[in-house]
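Notes follow once the structure below has been shown.
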Amino acid sequence: MMPDDLPVNLPHVLQAVEQVFRMYEQAFLNNDLSVLDQLFWHSPHVVRLGMTETLYGIEAIRQFRQNRDAQNIARVLYNTRITTFGDDFAVTVTEFERIGEAGGRQTQTWVRFAVGWRIVAAHISKSP
């Protein structure tokens, strides 16, 4: 199958990714470390580039989550876009605002493994 032949946004795939994306956001807002950990690929190859941190591997991501200050993390998402490619690959992009702080942007790359959808790469940055 050539890349141009990959179906984009198959309804059942889009629905599944929307569901895990919402699950991630709810876990983020509640600082639910168990769910956040579940949704990241448990691999030394997973990457999370944050506002102030550069994390390579699931252990670094876990350590960051356990040690970060989870106060004032509430945010509102807008301009969220989800694009799926075939049955097993998706990208989510969203912007967010926090009360009293600069807004930001978040991109996640999702892959469907046998255990379910997992984030294999994430990037968070401040809005310009």
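Identifiers for the structure tokens are assigned positionally: chains receive A, B, ... in sequence, residues are indexed from 1 per chain, and ligands are indexed from 1 in the order shown.
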Report task. Give me the residues within 12 Å of range 15-19 of chain A as a list in words, counting only C-alpha atoms and dropping any in the same chain fewer than 6 places off. Result -> Asn9, Glu25, Gln26, Leu39, Thr80, Arg81, Ile82, Thr83, Thr84, Phe85, Asp87, Asp88, Phe89, Ala90, Val91, Thr92, Val93, Gln108, Thr109, Trp110, Val111, Arg112, Gly116, Trp117, Arg118 and Ile119 of chain A
Output file for the residues above (C-alpha atoms, as a PDB file, in the first residue's frame):
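Result went into selection-v2.pdb, see below:
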ATOM      1  CA  ASN A   9     -10.171   9.598   9.144  1.00  0.00           C
ATOM      2  CA  GLU A  25      -6.997  15.126  28.693  1.00  0.00           C
ATOM      3  CA  GLN A  26      -9.164  14.036  31.630  1.00  0.00           C
ATOM      4  CA  LEU A  39      -1.435   6.040  27.420  1.00  0.00           C
ATOM      5  CA  THR A  80      -8.209  20.598  18.258  1.00  0.00           C
ATOM      6  CA  ARG A  81      -7.518  18.563  15.128  1.00  0.00           C
ATOM      7  CA  ILE A  82      -7.316  14.795  14.912  1.00  0.00           C
ATOM      8  CA  THR A  83      -6.178  13.078  11.744  1.00  0.00           C
ATOM      9  CA  THR A  84      -5.965   9.318  11.417  1.00  0.00           C
ATOM     10  CA  PHE A  85      -4.133   7.388   8.713  1.00  0.00           C
ATOM     11  CA  ASP A  87      -6.207   1.817  11.121  1.00  0.00           C
ATOM     12  CA  ASP A  88      -3.129   2.271  13.290  1.00  0.00           C
ATOM     13  CA  PHE A  89      -1.682   5.792  13.136  1.00  0.00           C
ATOM     14  CA  ALA A  90      -2.953   9.212  14.191  1.00  0.00           C
ATOM     15  CA  VAL A  91      -1.812  12.736  14.980  1.00  0.00           C
ATOM     16  CA  THR A  92      -3.573  15.103  17.368  1.00  0.00           C
ATOM     17  CA  VAL A  93      -2.879  18.822  17.484  1.00  0.00           C
ATOM     18  CA  GLN A 108       0.729  13.937  19.957  1.00  0.00           C
ATOM     19  CA  THR A 109       1.547  11.051  17.643  1.00  0.00           C
ATOM     20  CA  TRP A 110      -0.516   7.950  18.398  1.00  0.00           C
ATOM     21  CA  VAL A 111       0.032   4.366  17.234  1.00  0.00           C
ATOM     22  CA  ARG A 112      -2.344   1.458  17.775  1.00  0.00           C
ATOM     23  CA  GLY A 116      -4.371  -0.260  22.340  1.00  0.00           C
ATOM     24  CA  TRP A 117      -3.612   3.310  21.292  1.00  0.00           C
ATOM     25  CA  ARG A 118      -0.424   4.790  22.750  1.00  0.00           C
ATOM     26  CA  ILE A 119       1.379   8.117  22.421  1.00  0.00           C
TER      27      ILE A 119
END
Report task. Tell me, as a PyMOL selection string, which residues lie within 12 Å of Gln66 in chain A, counting only C-alpha atoms; anything in the same chain fewer than 5 positions away does not count. Result -> chain A and resi 31-34+36-37+59-61
Restricting it to N, CA and C atoms, dump the selection as a short mmCIF file (atom, residue, chain, number, x, y, z; two decimals), in the first residue's frame.
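Result saved to result-v8.cif:
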data_model
loop_
_atom_site.label_atom_id
_atom_site.label_comp_id
_atom_site.auth_asym_id
_atom_site.auth_seq_id
_atom_site.Cartn_x
_atom_site.Cartn_y
_atom_site.Cartn_z
N ASN A 31 -4.48 14.82 37.06
CA ASN A 31 -3.15 14.33 37.40
C ASN A 31 -3.20 12.84 37.75
N ASP A 32 -3.93 12.09 36.93
CA ASP A 32 -4.07 10.64 37.12
C ASP A 32 -2.85 9.97 36.48
N LEU A 33 -1.82 9.76 37.29
CA LEU A 33 -0.55 9.25 36.78
C LEU A 33 -0.68 7.86 36.19
N SER A 34 -1.57 7.06 36.72
CA SER A 34 -1.76 5.70 36.21
C SER A 34 -2.27 5.72 34.77
N LEU A 36 -2.18 8.35 32.67
CA LEU A 36 -1.19 9.02 31.83
C LEU A 36 -0.09 8.04 31.43
N ASP A 37 0.36 7.24 32.39
CA ASP A 37 1.39 6.25 32.10
C ASP A 37 0.87 5.20 31.12
N GLU A 59 10.76 5.84 31.19
CA GLU A 59 11.20 6.09 32.57
C GLU A 59 11.39 7.57 32.85
N ALA A 60 11.93 8.31 31.90
CA ALA A 60 12.10 9.75 32.08
C ALA A 60 10.73 10.45 32.16
N ILE A 61 9.79 10.00 31.35
CA ILE A 61 8.44 10.58 31.38
C ILE A 61 7.78 10.29 32.72
#
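The shell of residues at most 8 Å from Ala122 in chain A, with only C-alpha atoms counted and near chain neighbours (fewer than 4 positions) removed, consists of Val47, Arg48, Leu49, Gly50, Gln106, Thr107, Gln108 and Thr109 of chain A.
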Report task. Could you jot down the CA of Ala121 in chain A to CA of Phe40 in chain A separation for me, Å, one decimal place? Result -> 8.4 Å
Requested in this report: Excluding Ile99 in chain A and residues on its chain fewer than 5 positions from it, collect all residues at most 10 Å away from it, counting only C-alpha atoms, and give them as number ranges by chain.
Outcome: A: 72-76
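The gap separating CA of Arg105 in chain A from CA of Asn79 in chain A is 9.8 Å, in Å to one decimal.
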Query raised in the report: Out of range 3-122 of chain A, which residues get strand (DSSP E or B) from DSSP, as a ChimeraX atom specification?
Result: /A:8,40,47-49,54-56,76-85,89-97,104-113,116-122
Save out the residues we just selected, C-alpha atoms, as a PDB file, in the first residue's frame.
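Saved file again_4.pdb follows:
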ATOM      1  CA  VAL A   8      -7.749   9.246   6.225  1.00  0.00           C
ATOM      2  CA  PHE A  40       2.269   6.486  26.674  1.00  0.00           C
ATOM      3  CA  VAL A  47       9.705  11.028  23.316  1.00  0.00           C
ATOM      4  CA  ARG A  48       8.033  13.926  25.145  1.00  0.00           C
ATOM      5  CA  LEU A  49       9.331  17.432  24.505  1.00  0.00           C
ATOM      6  CA  THR A  54      13.182  17.046  27.091  1.00  0.00           C
ATOM      7  CA  LEU A  55      12.261  13.463  27.932  1.00  0.00           C
ATOM      8  CA  TYR A  56      13.477  10.367  26.121  1.00  0.00           C
ATOM      9  CA  VAL A  76      -9.088  24.802  28.060  1.00  0.00           C
ATOM     10  CA  LEU A  77      -8.439  23.260  24.647  1.00  0.00           C
ATOM     11  CA  TYR A  78      -9.330  24.860  21.324  1.00  0.00           C
ATOM     12  CA  ASN A  79      -8.586  24.318  17.626  1.00  0.00           C
ATOM     13  CA  THR A  80      -8.209  20.598  18.258  1.00  0.00           C
ATOM     14  CA  ARG A  81      -7.518  18.563  15.128  1.00  0.00           C
ATOM     15  CA  ILE A  82      -7.316  14.795  14.912  1.00  0.00           C
ATOM     16  CA  THR A  83      -6.178  13.078  11.744  1.00  0.00           C
ATOM     17  CA  THR A  84      -5.965   9.318  11.417  1.00  0.00           C
ATOM     18  CA  PHE A  85      -4.133   7.388   8.713  1.00  0.00           C
ATOM     19  CA  PHE A  89      -1.682   5.792  13.136  1.00  0.00           C
ATOM     20  CA  ALA A  90      -2.953   9.212  14.191  1.00  0.00           C
ATOM     21  CA  VAL A  91      -1.812  12.736  14.980  1.00  0.00           C
ATOM     22  CA  THR A  92      -3.573  15.103  17.368  1.00  0.00           C
ATOM     23  CA  VAL A  93      -2.879  18.822  17.484  1.00  0.00           C
ATOM     24  CA  THR A  94      -4.490  21.270  19.861  1.00  0.00           C
ATOM     25  CA  GLU A  95      -3.997  24.684  21.387  1.00  0.00           C
ATOM     26  CA  PHE A  96      -4.730  25.471  25.021  1.00  0.00           C
ATOM     27  CA  GLU A  97      -5.170  28.350  27.432  1.00  0.00           C
ATOM     28  CA  GLY A 104       0.347  26.703  24.422  1.00  0.00           C
ATOM     29  CA  ARG A 105       0.265  24.077  21.715  1.00  0.00           C
ATOM     30  CA  GLN A 106       0.363  20.302  21.934  1.00  0.00           C
ATOM     31  CA  THR A 107       1.002  17.658  19.302  1.00  0.00           C
ATOM     32  CA  GLN A 108       0.729  13.937  19.957  1.00  0.00           C
ATOM     33  CA  THR A 109       1.547  11.051  17.643  1.00  0.00           C
ATOM     34  CA  TRP A 110      -0.516   7.950  18.398  1.00  0.00           C
ATOM     35  CA  VAL A 111       0.032   4.366  17.234  1.00  0.00           C
ATOM     36  CA  ARG A 112      -2.344   1.458  17.775  1.00  0.00           C
ATOM     37  CA  PHE A 113      -0.509  -1.487  19.306  1.00  0.00           C
ATOM     38  CA  GLY A 116      -4.371  -0.260  22.340  1.00  0.00           C
ATOM     39  CA  TRP A 117      -3.612   3.310  21.292  1.00  0.00           C
ATOM     40  CA  ARG A 118      -0.424   4.790  22.750  1.00  0.00           C
ATOM     41  CA  ILE A 119       1.379   8.117  22.421  1.00  0.00           C
ATOM     42  CA  VAL A 120       4.782   7.520  20.824  1.00  0.00           C
ATOM     43  CA  ALA A 121       5.798  11.188  20.609  1.00  0.00           C
ATOM     44  CA  ALA A 122       4.501  14.385  22.175  1.00  0.00           C
TER      45      ALA A 122
END
Please give the complete set of residues from chain A that DSSP, run on the backbone, assigns to helix (DSSP H, G or I), formatted as a CSV table (one decimal) with N, CA and C atoms, in the first residue's frame.
chain,number,residue,atom,x,y,z
A,3,PRO,N,1.6,5.3,0.5
A,3,PRO,CA,1.1,6.3,1.5
A,3,PRO,C,-0.1,7.0,1.0
A,4,ASP,N,-0.2,7.3,-0.3
A,4,ASP,CA,-1.4,8.1,-0.8
A,4,ASP,C,-2.6,7.2,-0.8
A,5,ASP,N,-2.5,5.9,-0.6
A,5,ASP,CA,-3.6,5.0,-0.5
A,5,ASP,C,-4.2,4.8,0.9
A,11,PRO,N,-14.1,6.5,10.0
A,11,PRO,CA,-15.0,6.9,11.2
A,11,PRO,C,-14.7,6.1,12.4
A,12,HIS,N,-14.5,4.8,12.3
A,12,HIS,CA,-14.3,4.0,13.5
A,12,HIS,C,-12.9,4.3,14.2
A,13,VAL,N,-11.9,4.6,13.3
A,13,VAL,CA,-10.6,4.9,13.9
A,13,VAL,C,-10.6,6.3,14.5
A,14,LEU,N,-11.2,7.2,13.8
A,14,LEU,CA,-11.3,8.6,14.3
A,14,LEU,C,-12.0,8.6,15.7
A,15,GLN,N,-13.1,7.8,15.8
A,15,GLN,CA,-13.8,7.7,17.1
A,15,GLN,C,-13.0,7.2,18.2
A,16,ALA,N,-12.2,6.1,17.9
A,16,ALA,CA,-11.3,5.5,18.9
A,16,ALA,C,-10.2,6.5,19.3
A,17,VAL,N,-9.7,7.2,18.4
A,17,VAL,CA,-8.6,8.2,18.8
A,17,VAL,C,-9.2,9.4,19.6
A,18,GLU,N,-10.4,9.8,19.2
A,18,GLU,CA,-11.0,10.9,19.9
A,18,GLU,C,-11.3,10.4,21.4
A,19,GLN,N,-11.7,9.2,21.5
A,19,GLN,CA,-11.9,8.6,22.9
A,19,GLN,C,-10.6,8.6,23.7
A,20,VAL,N,-9.5,8.1,23.2
A,20,VAL,CA,-8.3,8.1,24.0
A,20,VAL,C,-7.7,9.5,24.2
A,21,PHE,N,-7.9,10.4,23.2
A,21,PHE,CA,-7.5,11.8,23.4
A,21,PHE,C,-8.2,12.4,24.6
A,22,ARG,N,-9.6,12.2,24.6
A,22,ARG,CA,-10.4,12.7,25.7
A,22,ARG,C,-9.9,12.1,27.1
A,23,MET,N,-9.6,10.8,27.0
A,23,MET,CA,-9.2,10.1,28.2
A,23,MET,C,-7.8,10.7,28.7
A,24,TYR,N,-6.9,11.0,27.8
A,24,TYR,CA,-5.7,11.6,28.1
A,24,TYR,C,-5.9,13.0,28.8
A,25,GLU,N,-6.8,13.8,28.2
A,25,GLU,CA,-7.0,15.1,28.7
A,25,GLU,C,-7.6,15.1,30.1
A,26,GLN,N,-8.6,14.2,30.3
A,26,GLN,CA,-9.2,14.0,31.6
A,26,GLN,C,-8.1,13.6,32.6
A,27,ALA,N,-7.3,12.6,32.3
A,27,ALA,CA,-6.2,12.2,33.2
A,27,ALA,C,-5.2,13.3,33.5
A,28,PHE,N,-4.9,14.1,32.4
A,28,PHE,CA,-4.0,15.2,32.6
A,28,PHE,C,-4.6,16.2,33.7
A,29,LEU,N,-5.9,16.6,33.5
A,29,LEU,CA,-6.5,17.6,34.4
A,29,LEU,C,-6.6,17.0,35.8
A,33,LEU,N,-1.8,9.8,37.3
A,33,LEU,CA,-0.6,9.3,36.8
A,33,LEU,C,-0.7,7.9,36.2
A,34,SER,N,-1.6,7.1,36.7
A,34,SER,CA,-1.8,5.7,36.2
A,34,SER,C,-2.3,5.7,34.8
A,35,VAL,N,-3.3,6.5,34.5
A,35,VAL,CA,-3.8,6.6,33.1
A,35,VAL,C,-2.8,7.3,32.2
A,36,LEU,N,-2.2,8.4,32.7
A,36,LEU,CA,-1.2,9.0,31.8
A,36,LEU,C,-0.1,8.0,31.4
A,37,ASP,N,0.4,7.2,32.4
A,37,ASP,CA,1.4,6.2,32.1
A,37,ASP,C,0.9,5.2,31.1
A,38,GLN,N,-0.4,4.8,31.3
A,38,GLN,CA,-0.9,3.8,30.4
A,38,GLN,C,-1.0,4.2,29.0
A,39,LEU,N,-1.2,5.5,28.8
A,39,LEU,CA,-1.4,6.0,27.4
A,39,LEU,C,-0.1,6.4,26.7
A,58,ILE,N,10.3,6.0,28.4
A,58,ILE,CA,9.1,6.0,29.4
A,58,ILE,C,9.6,6.3,30.8
A,59,GLU,N,10.8,5.8,31.2
A,59,GLU,CA,11.2,6.1,32.6
A,59,GLU,C,11.4,7.6,32.8
A,60,ALA,N,11.9,8.3,31.9
A,60,ALA,CA,12.1,9.8,32.1
A,60,ALA,C,10.7,10.4,32.2
A,61,ILE,N,9.8,10.0,31.4
A,61,ILE,CA,8.4,10.6,31.4
A,61,ILE,C,7.8,10.3,32.7
A,62,ARG,N,7.9,9.1,33.2
A,62,ARG,CA,7.3,8.7,34.5
A,62,ARG,C,7.9,9.6,35.6
A,63,GLN,N,9.2,9.7,35.6
A,63,GLN,CA,9.9,10.5,36.7
A,63,GLN,C,9.4,11.9,36.6
A,64,PHE,N,9.4,12.5,35.4
A,64,PHE,CA,8.9,13.9,35.3
A,64,PHE,C,7.5,14.0,35.9
A,65,ARG,N,6.6,13.1,35.5
A,65,ARG,CA,5.2,13.2,36.0
A,65,ARG,C,5.1,13.1,37.5
A,66,GLN,N,5.9,12.2,38.1
A,66,GLN,CA,5.9,12.0,39.5
A,66,GLN,C,6.4,13.2,40.3
A,67,ASN,N,7.3,13.9,39.7
A,67,ASN,CA,8.0,15.0,40.4
A,67,ASN,C,7.5,16.4,40.1
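Considering only C-alpha atoms, the residue among A:Leu10, A:Asn30, A:Gly86, A:Ile124 positioned nearest to Ala70 in chain A is A:Asn30.
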**Report entry** Two-atom distance - CA of Gln71 in chain A, CA of Ser125 in chain A (Å)
**Finding:** 18.5 Å
